[in-house]
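What's in target-v1.csv: CSV, C-alpha atoms
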chain,number,residue,atom,x,y,z
A,1,MET,CA,-0.4,-22.9,5.7
A,2,ASP,CA,0.6,-23.7,2.1
A,3,ILE,CA,1.7,-21.0,-0.3
A,4,LYS,CA,-1.7,-20.5,-1.9
A,5,GLU,CA,-3.3,-20.0,1.5
A,6,HIS,CA,-0.5,-17.7,2.5
A,7,ILE,CA,-0.9,-15.5,-0.6
A,8,ARG,CA,-4.7,-15.5,-0.2
A,9,TYR,CA,-4.2,-14.3,3.4
A,10,TRP,CA,-2.3,-11.2,2.3
A,11,ILE,CA,-4.7,-10.5,-0.7
A,12,ASN,CA,-7.8,-10.9,1.5
A,13,SER,CA,-6.3,-8.6,4.1
A,14,ALA,CA,-5.4,-6.0,1.5
A,15,GLU,CA,-8.9,-6.2,0.0
A,16,HIS,CA,-10.4,-5.7,3.4
A,17,ASP,CA,-8.2,-2.7,4.0
A,18,LEU,CA,-9.1,-1.3,0.6
A,19,GLU,CA,-12.8,-1.3,1.6
A,20,THR,CA,-11.8,0.5,4.8
A,21,ALA,CA,-9.9,3.1,2.7
A,22,GLU,CA,-13.0,3.6,0.5
A,23,THR,CA,-15.1,4.2,3.6
A,24,LEU,CA,-12.6,6.7,4.9
A,25,TYR,CA,-12.5,8.5,1.6
A,26,ALA,CA,-16.3,8.7,1.4
A,27,ALA,CA,-16.3,10.1,5.0
A,28,GLY,CA,-13.8,12.8,4.0
A,29,LYS,CA,-11.0,11.4,6.2
A,30,TYR,CA,-8.5,11.8,3.5
A,31,ASP,CA,-5.3,11.6,5.6
A,32,TRP,CA,-6.4,8.3,7.0
A,33,CYS,CA,-7.6,7.0,3.6
A,34,LEU,CA,-4.1,7.5,2.3
A,35,PHE,CA,-2.5,5.9,5.3
A,36,ILE,CA,-4.6,2.8,4.9
A,37,THR,CA,-3.9,2.9,1.2
A,38,HIS,CA,-0.2,2.5,2.0
A,39,ILE,CA,-1.1,-0.5,4.1
A,40,VAL,CA,-3.1,-2.0,1.1
A,41,ILE,CA,-0.1,-1.7,-1.2
A,42,GLU,CA,2.2,-3.0,1.5
A,43,LYS,CA,0.1,-6.2,1.9
A,44,ILE,CA,-0.2,-6.9,-1.8
A,45,LEU,CA,3.5,-6.5,-2.1
A,46,LYS,CA,3.9,-9.0,0.8
A,47,ALA,CA,1.7,-11.4,-1.1
A,48,ALA,CA,4.1,-11.0,-4.0
A,49,TYR,CA,7.0,-11.6,-1.6
A,50,VAL,CA,5.5,-14.9,-0.5
A,51,LEU,CA,5.1,-16.0,-4.1
A,52,SER,CA,8.7,-15.0,-4.9
A,53,HIS,CA,10.2,-16.6,-1.9
A,54,ASN,CA,8.5,-20.0,-1.8
A,55,ASN,CA,6.1,-19.2,1.1
A,56,ASP,CA,8.6,-17.5,3.3
A,57,ILE,CA,7.2,-15.0,5.8
A,58,PRO,CA,7.6,-11.4,4.5
A,59,PRO,CA,10.0,-9.1,6.3
A,60,LYS,CA,8.5,-6.8,8.9
A,61,ILE,CA,9.2,-3.7,6.9
A,62,HIS,CA,7.0,-0.9,5.5
A,63,ASN,CA,9.1,0.4,2.7
A,64,LEU,CA,7.2,-0.2,-0.4
A,65,VAL,CA,10.1,0.2,-2.8
A,66,ARG,CA,12.2,-2.3,-0.8
A,67,LEU,CA,9.3,-4.8,-0.8
A,68,ALA,CA,8.9,-4.4,-4.5
A,69,GLU,CA,12.6,-5.0,-5.0
A,70,LEU,CA,12.4,-8.2,-2.9
A,71,SER,CA,9.6,-9.6,-5.1
A,72,SER,CA,10.1,-11.2,-8.4
A,73,ILE,CA,7.7,-8.8,-10.1
A,74,THR,CA,9.3,-6.3,-12.4
A,75,PHE,CA,8.3,-2.7,-11.8
A,76,ASN,CA,8.9,0.1,-14.2
A,77,GLU,CA,10.4,3.4,-13.1
A,78,GLU,CA,7.1,5.2,-12.9
A,79,GLU,CA,5.7,2.5,-10.6
A,80,LEU,CA,8.8,2.6,-8.4
A,81,LEU,CA,8.6,6.4,-8.2
A,82,PHE,CA,4.9,6.1,-7.2
A,83,LEU,CA,5.7,3.6,-4.5
A,84,ASP,CA,8.3,5.9,-3.2
A,85,GLN,CA,5.8,8.8,-3.1
A,86,ILE,CA,3.2,6.8,-1.2
A,87,ASN,CA,5.9,5.6,1.3
A,88,ASP,CA,5.5,9.1,2.8
A,89,PHE,CA,1.9,8.4,3.6
A,90,ASN,CA,3.0,5.8,6.2
A,91,ILE,CA,5.4,8.2,7.9
A,92,GLU,CA,3.4,11.4,7.6
A,93,ALA,CA,0.2,10.0,9.0
A,94,ARG,CA,1.9,8.3,12.0
A,95,TYR,CA,4.2,11.0,13.5
A,96,PRO,CA,2.8,14.1,15.1
A,97,ASP,CA,5.5,16.4,13.7
A,98,TYR,CA,4.4,15.5,10.2
A,99,LYS,CA,0.7,14.7,10.8
A,100,PHE,CA,-0.7,18.2,10.8
A,101,SER,CA,1.1,19.2,7.6
A,102,PHE,CA,0.1,15.9,6.0
A,103,TYR,CA,-3.5,16.5,7.0
A,104,LYS,CA,-3.5,19.9,5.3
A,105,THR,CA,-2.0,18.3,2.1
A,106,CYS,CA,-4.7,15.7,1.9
A,107,THR,CA,-7.3,17.7,0.0
A,108,LYS,CA,-10.1,15.8,-1.8
A,109,GLU,CA,-8.3,16.4,-5.1
A,110,PHE,CA,-4.9,15.3,-3.8
A,111,THR,CA,-6.4,12.2,-2.2
A,112,SER,CA,-8.4,11.3,-5.3
A,113,GLU,CA,-5.4,11.3,-7.5
A,114,TYR,CA,-3.2,9.1,-5.2
A,115,PHE,CA,-6.1,6.9,-4.1
A,116,ASN,CA,-7.2,6.1,-7.7
A,117,LYS,CA,-3.6,5.5,-8.8
A,118,SER,CA,-3.0,3.3,-5.8
A,119,LYS,CA,-6.1,1.2,-6.6
A,120,GLU,CA,-4.9,0.8,-10.1
A,121,LEU,CA,-1.5,-0.3,-8.9
A,122,PHE,CA,-3.1,-2.7,-6.4
A,123,LEU,CA,-5.1,-4.4,-9.2
A,124,CYS,CA,-2.0,-4.5,-11.4
A,125,ILE,CA,0.2,-6.2,-8.7
A,126,LYS,CA,-2.7,-8.6,-7.8
A,127,SER,CA,-3.0,-9.6,-11.5
A,128,ARG,CA,0.7,-10.5,-11.5
A,129,ILE,CA,0.3,-12.7,-8.5
A,130,VAL,CA,-3.0,-14.7,-9.2

Would you mind writing the structure in this file as structure tokens?
Amino acid sequence: MDIKEHIRYWINSAEHDLETAETLYAAGKYDWCLFITHIVIEKILKAAYVLSHNNDIPPKIHNLVRLAELSSITFNEEELLFLDQINDFNIEARYPDYKFSFYKTCTKEFTSEYFNKSKELFLCIKSRIV
């Protein structure tokens, strides 16, 4: 696939997952909403990677800060800090030792804050790609 198709693949996949996160949020499944939100940001950063690396396949990593660093997009300190914070959603939702504690952390208010900021960041990154 050419670079435009490759970027579109990652964007479409991220948008699909964002719809899933919206559904999970509406259903009150806040921990899973934030887990999927991490995946949304990961995929849009992989689209940025493809753009920055002339259609190379993105690395099979989940660290959002590292993916941001590997792209040609400039992120400010606040954005990088936020990426670092939502990195935890990937780990804490996956592993049983962390999962129960993460579940208790994911109140509606907590999830609303991070979900809304994540959607804003998603749109911001997307606008830098397309």

Distance CA of Leu81 in chain A-CA of Ala27 in chain A, one decimal place? 28.4 Å

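Between Asp31 in chain A and the residues A:Ile57, A:Cys124, A:Cys106, A:Val130, the shortest atom-to-atom distance, using only C-alpha atoms, involves A:Cys106.
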
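CA of Ile91 in chain A is positioned 21.3 Å from CA of Thr23 in chain A.
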
Could you check which of A:Thr111, A:Lys117, A:Leu83, A:Leu64 is closest to Ala26 in chain A, using all atoms listed in the file? A:Thr111

Report, in Å to a single decimal, how far apart CA of Asn54 in chain A and CA of Ile36 in chain A are. 27.1 Å

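Residues surrounding Tyr25 in chain A within 12 Å are Leu18, Glu19, Thr20, Ala21, Glu22, Gly28, Lys29, Tyr30, Asp31, Trp32, Cys33, Leu34, Phe35, Ile36, Thr37, Cys106, Thr107, Lys108, Glu109, Phe110, Thr111, Ser112, Glu113, Tyr114, Phe115 and Asn116 of chain A [all atoms listed in the file; sequence separation below 3 positions excluded].
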
Extract, using only C-alpha atoms, all DNA, RNA and protein residues at most 12 Å from range 13-16 of chain A, discarding same-chain residues fewer than 6 positions from it, and format them as a ChimeraX atom specification. /A:6-7,22-23,36-47,119,122-123,125-126

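Restricting the calculation to only C-alpha atoms, the smallest distance between His53 in chain A and any of A:Ser71, A:Gln85, A:Lys4, A:Arg66 is found for A:Ser71.
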
Nearest to Ala48 in chain A, chosen from A:Ile61, A:Leu67, A:Leu80, A:Leu24, with all atoms listed in the file counted in the distances: A:Leu67

Option closest in space to Phe82 in chain A, from A:Ala68, A:Pro58, A:Phe100, A:Ser118 [counting all atoms listed in the file]: A:Ser118
